[in-house]
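Q: Mind having a look at this structure? Questions to follow.
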Amino acid sequence: NPDNNPDLSENPLKAIVSLKTDRQTPYEIYINMLDELVGAYDELWEEAAQSRFGKTFEQLNDAEQAVVKKEIYPKKLSEAEPDEGS
């Protein structure tokens, strides 16, 4: 949150990503959006692994991966109730 936006978390440990759709959203689009969110976490984990351990995420042992996933960038996804749509 470099711009101090009050709607964004200032701490990745407290951040929650919320996905909200409407009931008219095609299933394929919904799945694609979930894939994008998971991919974004994968990128963050890769960056954190390189920065903290000097290795790719895949090269980390289980304990190091747990540090990245739980202590640096925990994955917190929330699915809000869909809007009724038009």
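Just remember, in the structure tokens the first chain shown is A, the second B, etc., residues are 1-based per chain, and ligands are 1-based in the order shown.
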Find the spatial neighbours of A:Ala15, counting only C-alpha atoms, within a cut-off of 9 Å - ignore same-chain residues fewer than 6 positions away - and output them as number ranges by chain.

A: A: 8-9, 73-76

Q: Just list as a ChimeraX atom specification whatever in stretch 20-55 of chain A DSSP marks as helix (DSSP H, G or I).

A: /A:27-53

Q: Compile a residue-level contact table for stretch 23-48 of chain A against stretch 62-67 of chain A at a cut-off of 10 Å, reporting for every qualifying residue the shortest atom pair and its distance in Å to one decimal, with only C-alpha atoms counted, rows ordered by chain and ascending number, as a tab-separated table.

A:
residue	atom	partner	partner_atom	distance
A:Trp45	CA	A:Gln65	CA	8.4
A:Glu46	CA	A:Gln65	CA	9.9
A:Ala48	CA	A:Val67	CA	9.7

Q: Would you output that residue set with N, CA, C and O atoms, as a short mmCIF file (atom, residue, chain, number, x, y, z; two decimals), in the first residue's frame?

A:
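Once everything was written out, this is result.cif:
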data_model
loop_
_atom_site.label_atom_id
_atom_site.label_comp_id
_atom_site.auth_asym_id
_atom_site.auth_seq_id
_atom_site.Cartn_x
_atom_site.Cartn_y
_atom_site.Cartn_z
N TRP A 45 4.89 -15.50 -3.54
CA TRP A 45 5.69 -16.51 -2.85
C TRP A 45 7.05 -16.69 -3.52
O TRP A 45 8.06 -16.85 -2.86
N GLU A 46 7.06 -16.64 -4.85
CA GLU A 46 8.32 -16.77 -5.58
C GLU A 46 9.24 -15.59 -5.25
O GLU A 46 10.42 -15.77 -4.98
N ALA A 48 9.17 -13.68 -2.58
CA ALA A 48 9.60 -13.77 -1.19
C ALA A 48 10.68 -14.83 -1.01
O ALA A 48 11.63 -14.63 -0.24
#

Q: Please return, as a list in words, all residues of chain A that DSSP assigns to strand (DSSP E or B) on the basis of the backbone.

A: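 Put together, the selection reads Val17, Ser18, Leu19, Asp22, Leu77, Ser78, Glu79 and Asp83 of chain A.
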
Q: I want to know what sits within 10 Å of A:Ala49, based on only C-alpha atoms, with residues of the same chain fewer than 2 positions away left out; could you give that as a list in words?

A: Glu43, Leu44, Trp45, Glu46, Glu47, Ser51, Arg52, Phe53, Gly54, Lys55, Thr56, Phe57, Glu58, Gln59, Leu60, Glu64, Gln65, Val67, Val68, Lys69 and Ile72 of chain A

Q: So that I can see what lies close to stretch 29-36 of chain A, please list as JSON, numbers by chain the residues with an atom at most 12 Å from it, counting only C-alpha atoms and leaving out residues fewer than 6 positions away in the same chain.

A: {"A": [17, 18, 19, 20, 21, 22, 23, 42, 43, 77, 78, 79, 82]}

Q: Just to be explicit: take each residue in the selection above, keep C-alpha atoms, and write the result as a PDB file, in the first residue's frame.

A:
ATOM      1  CA  VAL A  17      -8.492 -10.729  -0.934  1.00  0.00           C
ATOM      2  CA  SER A  18     -12.230 -10.789  -1.543  1.00  0.00           C
ATOM      3  CA  LEU A  19     -13.845 -12.066  -4.735  1.00  0.00           C
ATOM      4  CA  LYS A  20     -17.398 -10.973  -5.436  1.00  0.00           C
ATOM      5  CA  THR A  21     -19.390 -11.888  -8.508  1.00  0.00           C
ATOM      6  CA  ASP A  22     -23.010 -11.747  -9.489  1.00  0.00           C
ATOM      7  CA  ARG A  23     -25.228 -14.736 -10.130  1.00  0.00           C
ATOM      8  CA  ASP A  42       2.376 -17.864  -6.501  1.00  0.00           C
ATOM      9  CA  GLU A  43       4.211 -14.786  -7.793  1.00  0.00           C
ATOM     10  CA  LEU A  77      -9.170 -15.488   0.003  1.00  0.00           C
ATOM     11  CA  SER A  78     -12.764 -14.629   0.747  1.00  0.00           C
ATOM     12  CA  GLU A  79     -15.748 -15.212  -1.488  1.00  0.00           C
ATOM     13  CA  PRO A  82     -22.835 -12.873  -5.161  1.00  0.00           C
TER      14      PRO A  82
END
